[in-house]
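Student: To be precise about what I am sending: the file is called start07.cif and holds mmCIF, C-alpha atoms and all ligand atoms.
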```cif
data_run
loop_
_atom_site.group_PDB
_atom_site.id
_atom_site.type_symbol
_atom_site.label_atom_id
_atom_site.label_comp_id
_atom_site.auth_asym_id
_atom_site.auth_seq_id
_atom_site.Cartn_x
_atom_site.Cartn_y
_atom_site.Cartn_z
ATOM 1 C CA MET A 1068 119.322 107.903 91.623
ATOM 2 C CA ALA A 1069 116.232 109.483 90.149
ATOM 3 C CA LYS A 1070 114.400 107.793 87.266
ATOM 4 C CA VAL A 1071 112.336 109.390 84.526
ATOM 5 C CA ARG A 1072 109.087 107.801 83.280
ATOM 6 C CA PHE A 1073 107.169 109.122 80.266
ATOM 7 C CA HIS A 1074 103.407 109.160 80.674
ATOM 8 C CA ASP A 1075 102.472 108.456 77.038
ATOM 9 C CA ASN A 1076 104.367 105.173 76.549
ATOM 10 C CA ASN A 1077 105.413 104.273 80.113
ATOM 11 C CA GLU A 1078 109.078 104.155 79.044
ATOM 12 C CA TYR A 1079 111.801 104.785 81.610
ATOM 13 C CA ILE A 1080 115.184 106.468 81.554
ATOM 14 C CA THR A 1081 117.220 104.838 84.323
ATOM 15 C CA ALA A 1082 120.915 105.147 83.378
ATOM 16 C CA PRO A 1083 122.286 107.925 85.620
ATOM 17 C CA GLU A 1084 124.065 109.813 82.778
ATOM 18 C CA GLU A 1085 120.936 109.609 80.591
ATOM 19 C CA VAL A 1086 118.712 110.844 83.431
ATOM 20 C CA SER A 1087 121.055 113.783 84.061
ATOM 21 C CA LYS A 1088 121.245 114.595 80.354
ATOM 22 C CA PHE A 1089 117.473 114.482 79.878
ATOM 23 C CA LEU A 1090 116.750 116.614 82.961
ATOM 24 C CA GLN A 1091 119.381 119.114 81.850
ATOM 25 C CA SER A 1092 117.631 119.352 78.472
ATOM 26 C CA GLN A 1093 114.469 120.306 80.376
ATOM 27 C CA GLU A 1094 116.373 122.902 82.455
ATOM 28 C CA ILE A 1095 115.656 120.871 85.575
ATOM 29 C CA ILE A 1096 118.478 120.925 88.098
ATOM 30 C CA TYR A 1097 119.327 117.437 89.283
ATOM 31 C CA GLU A 1098 121.911 116.643 91.945
ATOM 32 C CA HIS A 1099 122.622 113.608 94.094
ATOM 33 C CA TRP A 1100 123.876 114.556 97.547
ATOM 34 C CA GLY A 1101 123.408 111.138 99.178
ATOM 35 C CA VAL A 1102 122.183 110.529 102.730
ATOM 36 C CA ASP A 1103 124.980 108.342 104.152
ATOM 37 C CA ARG A 1104 126.005 111.136 106.486
ATOM 38 C CA LEU A 1105 122.724 110.951 108.441
ATOM 39 C CA ASP A 1106 122.351 108.538 111.334
ATOM 40 C CA ALA A 1107 119.491 106.042 111.182
ATOM 41 C CA ASN A 1108 117.254 107.978 113.568
ATOM 42 C CA LEU A 1109 117.327 111.124 111.439
ATOM 43 C CA ARG A 1110 116.542 109.065 108.326
ATOM 44 C CA ASP A 1111 113.790 106.846 109.735
ATOM 45 C CA ASN A 1112 112.036 109.196 112.144
ATOM 46 C CA TYR A 1113 108.905 110.866 110.743
ATOM 47 C CA ASN A 1114 108.076 112.703 113.984
ATOM 48 C CA LEU A 1115 111.042 115.046 113.993
ATOM 49 C CA THR A 1116 111.545 117.624 116.713
ATOM 50 C CA ASP A 1117 112.648 121.099 115.660
ATOM 51 C CA GLU A 1118 116.116 120.207 116.914
ATOM 52 C CA GLU A 1119 116.268 117.081 114.740
ATOM 53 C CA LYS A 1120 115.076 119.053 111.708
ATOM 54 C CA GLN A 1121 117.901 121.487 112.346
ATOM 55 C CA GLN A 1122 120.384 118.587 112.583
ATOM 56 C CA ILE A 1123 119.318 117.424 109.114
ATOM 57 C CA LEU A 1124 119.654 120.933 107.677
ATOM 58 C CA ASP A 1125 123.069 121.306 109.331
ATOM 59 C CA ALA A 1126 124.235 117.978 107.850
ATOM 60 C CA PHE A 1127 123.652 119.358 104.334
ATOM 61 C CA ARG A 1128 124.787 122.910 105.081
ATOM 62 C CA PRO A 1129 127.647 123.033 102.517
ATOM 63 C CA GLU A 1130 125.421 121.787 99.656
ATOM 64 C CA ILE A 1131 122.509 124.018 100.723
ATOM 65 C CA GLU A 1132 124.774 127.072 100.825
ATOM 66 C CA ASP A 1133 126.270 126.227 97.463
ATOM 67 C CA ILE A 1134 122.989 125.788 95.580
ATOM 68 C CA SER A 1135 121.417 128.750 97.421
ATOM 69 C CA LYS A 1136 124.220 130.981 96.184
ATOM 70 C CA ARG A 1137 123.691 129.765 92.621
ATOM 71 C CA ARG A 1138 119.888 129.938 92.644
ATOM 72 C CA GLY A 1139 119.179 132.754 95.103
ATOM 73 C CA TYR A 1140 117.419 130.591 97.699
ATOM 74 C CA LEU A 1141 117.061 132.338 101.042
ATOM 75 C CA THR A 1142 115.345 129.747 103.214
ATOM 76 C CA ALA A 1143 115.494 126.011 103.811
ATOM 77 C CA ASP A 1144 113.083 123.925 105.861
ATOM 78 C CA ILE A 1145 111.958 120.333 106.276
ATOM 79 C CA VAL A 1146 108.636 118.913 105.144
ATOM 80 C CA VAL A 1147 107.380 115.495 106.212
ATOM 81 C CA LEU A 1148 104.498 113.503 104.723
ATOM 82 C CA SER A 1149 103.524 110.008 105.845
ATOM 83 C CA ASP A 1150 100.543 107.994 106.988
ATOM 84 C CA GLN A 1151 100.993 109.815 110.299
ATOM 85 C CA THR A 1152 100.106 113.076 108.532
ATOM 86 C CA PRO A 1153 96.473 113.968 109.259
ATOM 87 C CA ASN A 1154 94.426 114.054 106.026
ATOM 88 C CA LEU A 1155 97.245 112.609 103.898
ATOM 89 C CA ASP A 1156 94.752 111.432 101.251
ATOM 90 C CA GLU A 1157 93.143 114.884 100.996
ATOM 91 C CA LEU A 1158 96.572 116.481 100.719
ATOM 92 C CA LEU A 1159 97.549 114.059 97.943
ATOM 93 C CA VAL A 1160 94.445 115.012 95.958
ATOM 94 C CA LYS A 1161 95.479 118.664 96.269
ATOM 95 C CA PHE A 1162 99.104 117.945 95.310
ATOM 96 C CA LYS A 1163 97.935 116.108 92.183
ATOM 97 C CA ALA A 1164 96.368 119.271 90.761
ATOM 98 C CA GLU A 1165 98.602 120.673 88.019
ATOM 99 C CA HIS A 1166 100.114 124.074 88.761
ATOM 100 C CA HIS A 1167 103.212 126.214 88.414
ATOM 101 C CA HIS A 1168 105.126 128.702 90.547
ATOM 102 C CA THR A 1169 106.821 132.012 89.767
ATOM 103 C CA ASP A 1170 110.034 130.694 91.402
ATOM 104 C CA ASP A 1171 111.608 127.309 90.885
ATOM 105 C CA GLU A 1172 110.557 124.523 93.255
ATOM 106 C CA CYS A 1173 113.566 122.854 94.804
ATOM 107 C CA ARG A 1174 113.345 119.671 96.894
ATOM 108 C CA PHE A 1175 115.955 117.361 98.361
ATOM 109 C CA CYS A 1176 114.653 113.899 99.278
ATOM 110 C CA VAL A 1177 116.022 112.836 102.682
ATOM 111 C CA ASP A 1178 113.922 109.677 102.997
ATOM 112 C CA GLY A 1179 110.981 107.988 101.307
ATOM 113 C CA HIS A 1180 110.142 108.815 97.695
ATOM 114 C CA GLY A 1181 108.375 111.464 95.678
ATOM 115 C CA ILE A 1182 107.242 111.986 92.108
ATOM 116 C CA PHE A 1183 107.268 115.293 90.300
ATOM 117 C CA ALA A 1184 105.143 114.923 87.157
ATOM 118 C CA ILE A 1185 106.278 117.665 84.786
ATOM 119 C CA LYS A 1186 105.068 118.954 81.418
ATOM 120 C CA GLY A 1187 108.159 118.905 79.223
ATOM 121 C CA LYS A 1188 109.247 121.561 76.768
ATOM 122 C CA ASP A 1189 107.616 119.588 73.912
ATOM 123 C CA GLY A 1190 104.374 119.155 75.867
ATOM 124 C CA ARG A 1191 105.184 115.545 76.747
ATOM 125 C CA TYR A 1192 104.568 114.667 80.400
ATOM 126 C CA PHE A 1193 107.086 112.714 82.430
ATOM 127 C CA ASP A 1194 107.587 111.704 86.062
ATOM 128 C CA VAL A 1195 110.798 112.283 87.943
ATOM 129 C CA GLU A 1196 110.858 109.545 90.590
ATOM 130 C CA MET A 1197 113.012 110.755 93.460
ATOM 131 C CA GLU A 1198 114.734 108.543 95.984
ATOM 132 C CA PRO A 1199 116.733 109.397 99.102
ATOM 133 C CA GLY A 1200 119.700 111.611 98.272
ATOM 134 C CA ASP A 1201 118.169 113.161 95.126
ATOM 135 C CA LEU A 1202 117.624 116.876 94.600
ATOM 136 C CA ILE A 1203 115.581 118.372 91.817
ATOM 137 C CA SER A 1204 114.513 121.891 91.027
ATOM 138 C CA VAL A 1205 111.415 122.294 88.848
ATOM 139 C CA PRO A 1206 111.876 125.476 86.781
ATOM 140 C CA SER A 1207 109.651 128.497 87.383
ATOM 141 C CA TYR A 1208 106.455 128.562 85.263
ATOM 142 C CA SER A 1209 106.874 124.856 84.471
ATOM 143 C CA ARG A 1210 103.519 123.025 84.828
ATOM 144 C CA HIS A 1211 103.768 120.118 87.268
ATOM 145 C CA TYR A 1212 102.192 118.211 90.119
ATOM 146 C CA PHE A 1213 103.488 116.100 92.968
ATOM 147 C CA THR A 1214 102.604 112.721 94.365
ATOM 148 C CA LEU A 1215 104.029 109.978 96.555
ATOM 149 C CA MET A 1216 105.059 106.448 95.599
ATOM 150 C CA ASP A 1217 103.961 103.108 97.110
ATOM 151 C CA ASP A 1218 105.712 103.767 100.419
ATOM 152 C CA ARG A 1219 103.461 106.839 100.832
ATOM 153 C CA LYS A 1220 106.081 108.861 102.629
ATOM 154 C CA ILE A 1221 108.695 111.487 102.048
ATOM 155 C CA LYS A 1222 110.928 113.610 104.208
ATOM 156 C CA ALA A 1223 112.376 116.456 102.185
ATOM 157 C CA ILE A 1224 114.288 119.690 102.432
ATOM 158 C CA ARG A 1225 112.541 122.596 100.688
ATOM 159 C CA LEU A 1226 114.683 125.436 99.379
ATOM 160 C CA PHE A 1227 113.009 128.637 98.336
ATOM 161 C CA VAL A 1228 113.411 132.337 97.725
ATOM 162 C CA THR A 1229 110.179 133.640 99.268
ATOM 163 C CA PRO A 1230 106.900 131.927 100.276
ATOM 164 C CA ALA A 1231 105.110 134.040 97.645
ATOM 165 C CA GLY A 1232 107.332 132.579 94.932
ATOM 166 C CA TRP A 1233 106.165 129.012 95.499
ATOM 167 C CA GLU A 1234 102.485 129.760 95.847
ATOM 168 C CA ALA A 1235 100.688 127.345 93.514
ATOM 169 C CA ILE A 1236 99.058 128.877 90.433
ATOM 170 C CA TYR A 1237 96.478 126.394 89.102
HETATM 171 FE FE FE A 1301 104.661 122.820 92.924
#
```
Can the structure from this file be put into structure tokens for me?
Ligand SMILES: [Fe+2]
Tutor:
Amino acid sequence: MAKVRFHDNNEYITAPEEVSKFLQSQEIIYEHWGVDRLDANLRDNYNLTDEEKQQILDAFRPEIEDISKRRGYLTADIVVLSDQTPNLDELLVKFKAEHHHTDDECRFCVDGHGIFAIKGKDGRYFDVEMEPGDLISVPSYSRHYFTLMDDRKIKAIRLFVTPAGWEAIY
């Protein structure tokens, strides 16, 4: 389950119902799809072939279709970041630059962890710490940035309307 951490006082929200309630108040979609359905290779492997990426997408097809219908997403793909990614440190510097998008930014964490740091409605910044099985959608025009956690890896499904809609506006 995702956790929320406030930047100003380092306080956490960890109780699942409280996390859901807080994210809802920020108009952030939060769902937990789980990853039990994936075999170990698809979870652990960070050098996925196109066929294996498709197997992951197929495993979550019902959920992807459902949220895509609700949110108008047209495309889903897989993104992988790990120490095997060339220039990971440079990429992380780029991801840490605050920005927004004209569409919402929807990510499902298949493995590893990720943090979306988001400027809340009251201007207060908080992290959403994602773990495997978590989905969040950062609302359009919401200022945010992304970073990894100590394991320095994430494998995620990206859902989007058009590539233009998730272009970063700094
Ligand atoms: Fe973004």
Student: Could you list, with a cut-off of 10 Å and counting all atoms listed in the file, the residues of region 1099-1171 of chain A near region 1214-1236 of chain A, each shown with its nearest atom pair and the distance in Å rounded to one decimal, rows sorted by chain and ascending number, as a Markdown table?
Tutor:
```
| residue | atom | partner | partner_atom | distance |
| --- | --- | --- | --- | --- |
| A:Leu1109 | CA | A:Lys1222 | CA | 10.0 |
| A:Arg1110 | CA | A:Lys1222 | CA | 8.3 |
| A:Asp1111 | CA | A:Lys1222 | CA | 9.2 |
| A:Asn1112 | CA | A:Lys1222 | CA | 9.1 |
| A:Tyr1113 | CA | A:Lys1222 | CA | 7.4 |
| A:Leu1115 | CA | A:Lys1222 | CA | 9.9 |
| A:Lys1120 | CA | A:Ile1224 | CA | 9.3 |
| A:Ile1123 | CA | A:Ile1224 | CA | 8.7 |
| A:Leu1124 | CA | A:Ile1224 | CA | 7.6 |
| A:Phe1127 | CA | A:Ile1224 | CA | 9.6 |
| A:Ile1131 | CA | A:Leu1226 | CA | 8.1 |
| A:Ile1134 | CA | A:Leu1226 | CA | 9.1 |
| A:Ser1135 | CA | A:Leu1226 | CA | 7.8 |
| A:Arg1138 | CA | A:Val1228 | CA | 8.6 |
| A:Gly1139 | CA | A:Val1228 | CA | 6.3 |
| A:Tyr1140 | CA | A:Val1228 | CA | 4.4 |
| A:Leu1141 | CA | A:Val1228 | CA | 4.9 |
| A:Thr1142 | CA | A:Phe1227 | CA | 5.5 |
| A:Ala1143 | CA | A:Leu1226 | CA | 4.5 |
| A:Asp1144 | CA | A:Arg1225 | CA | 5.4 |
| A:Ile1145 | CA | A:Ile1224 | CA | 4.5 |
| A:Val1146 | CA | A:Ala1223 | CA | 5.4 |
| A:Val1147 | CA | A:Lys1222 | CA | 4.5 |
| A:Leu1148 | CA | A:Lys1220 | CA | 5.3 |
| A:Ser1149 | CA | A:Lys1220 | CA | 4.3 |
| A:Asp1150 | CA | A:Arg1219 | CA | 6.9 |
| A:Gln1151 | CA | A:Lys1220 | CA | 9.3 |
| A:Thr1152 | CA | A:Lys1220 | CA | 9.4 |
| A:Leu1155 | CA | A:Arg1219 | CA | 9.0 |
| A:Asp1156 | CA | A:Arg1219 | CA | 9.9 |
| A:Leu1158 | CA | A:Thr1214 | CA | 9.5 |
| A:Leu1159 | CA | A:Thr1214 | CA | 6.3 |
| A:Val1160 | CA | A:Thr1214 | CA | 8.6 |
| A:Lys1161 | CA | A:Thr1214 | CA | 9.5 |
| A:Phe1162 | CA | A:Thr1214 | CA | 6.4 |
| A:Lys1163 | CA | A:Thr1214 | CA | 6.2 |
| A:Ala1164 | CA | A:Ala1235 | CA | 9.6 |
| A:Glu1165 | CA | A:Ile1236 | CA | 8.6 |
| A:His1166 | CA | A:Ile1236 | CA | 5.2 |
| A:His1167 | CA | A:Ile1236 | CA | 5.3 |
| A:His1168 | CA | A:Trp1233 | CA | 5.1 |
| A:Thr1169 | CA | A:Gly1232 | CA | 5.2 |
| A:Asp1170 | CA | A:Gly1232 | CA | 4.8 |
| A:Asp1171 | CA | A:Trp1233 | CA | 7.3 |
```
Student: Considering all atoms listed in the file, state which residue in the set A:Cys1176, A:Arg1072, A:Ile1182, A:Asp1117 is at the smallest distance from His1099 (chain A).
Tutor: A:Cys1176
Student: Just the number, please: distance in Å from CA of Asp1201 (chain A) to CA of Lys1070 (chain A), one decimal.
Tutor: 10.2 Å
Student: Taking the file above as input, evaluate the PyMOL selection byres (((chain A and resi 1068) around 12) and not hetatm) and report the hits as number ranges by chain.
Tutor: A: 1069-1071, 1080-1087, 1097-1102, 1176, 1180, 1195-1203
Student: List, as number ranges by chain, every residue that the PyMOL selection byres (((chain A and resi 1172) around 6) and not hetatm) selects in the file provided.
Tutor: A: 1171, 1173, 1204-1205
Student: Using the chain letters and numbering of this document, enumerate as a list in words the residues selected by the PyMOL selection byres (((chain A and resi 1192) around 9) and not hetatm).
Tutor: Arg1072, Phe1073, His1074, Asp1075, Ala1184, Ile1185, Lys1186, Gly1187, Asp1189, Gly1190, Arg1191, Phe1193, Asp1194 and His1211 of chain A
Student: Generate a file of the selected residues that holds C-alpha atoms, formatted as a PDB file, in the coordinates of the input.
Tutor:
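Saved the output as part_35.pdb:
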```
ATOM      1  CA  ARG A1072     109.087 107.801  83.280  1.00  0.00           C
ATOM      2  CA  PHE A1073     107.169 109.122  80.266  1.00  0.00           C
ATOM      3  CA  HIS A1074     103.407 109.160  80.674  1.00  0.00           C
ATOM      4  CA  ASP A1075     102.472 108.456  77.038  1.00  0.00           C
ATOM      5  CA  ALA A1184     105.143 114.923  87.157  1.00  0.00           C
ATOM      6  CA  ILE A1185     106.278 117.665  84.786  1.00  0.00           C
ATOM      7  CA  LYS A1186     105.068 118.954  81.418  1.00  0.00           C
ATOM      8  CA  GLY A1187     108.159 118.905  79.223  1.00  0.00           C
ATOM      9  CA  ASP A1189     107.616 119.588  73.912  1.00  0.00           C
ATOM     10  CA  GLY A1190     104.374 119.155  75.867  1.00  0.00           C
ATOM     11  CA  ARG A1191     105.184 115.545  76.747  1.00  0.00           C
ATOM     12  CA  PHE A1193     107.086 112.714  82.430  1.00  0.00           C
ATOM     13  CA  ASP A1194     107.587 111.704  86.062  1.00  0.00           C
ATOM     14  CA  HIS A1211     103.768 120.118  87.268  1.00  0.00           C
TER      15      HIS A1211
END
```
Student: Which one of A:Tyr1079, A:Arg1137, A:Ser1207, A:Gln1121 sits closest to ligand FE 1301 (chain A) if you count all atoms listed in the file?
Tutor: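 Smallest separation from ligand FE 1301 (chain A) among the options: A:Ser1207.
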Student: Between CA of Ile1096 (chain A) and CA of Phe1175 (chain A), what is the spacing in Å?
Tutor: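 CA of Ile1096 (chain A) lies at a distance of 11.2 Å from CA of Phe1175 (chain A).
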Student: Calculate how many Å separate CA of Ala1107 (chain A) from CA of Pro1153 (chain A), rounding to one decimal.
Tutor: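 Going from CA of Ala1107 (chain A) over to CA of Pro1153 (chain A), I get 24.4 Å.
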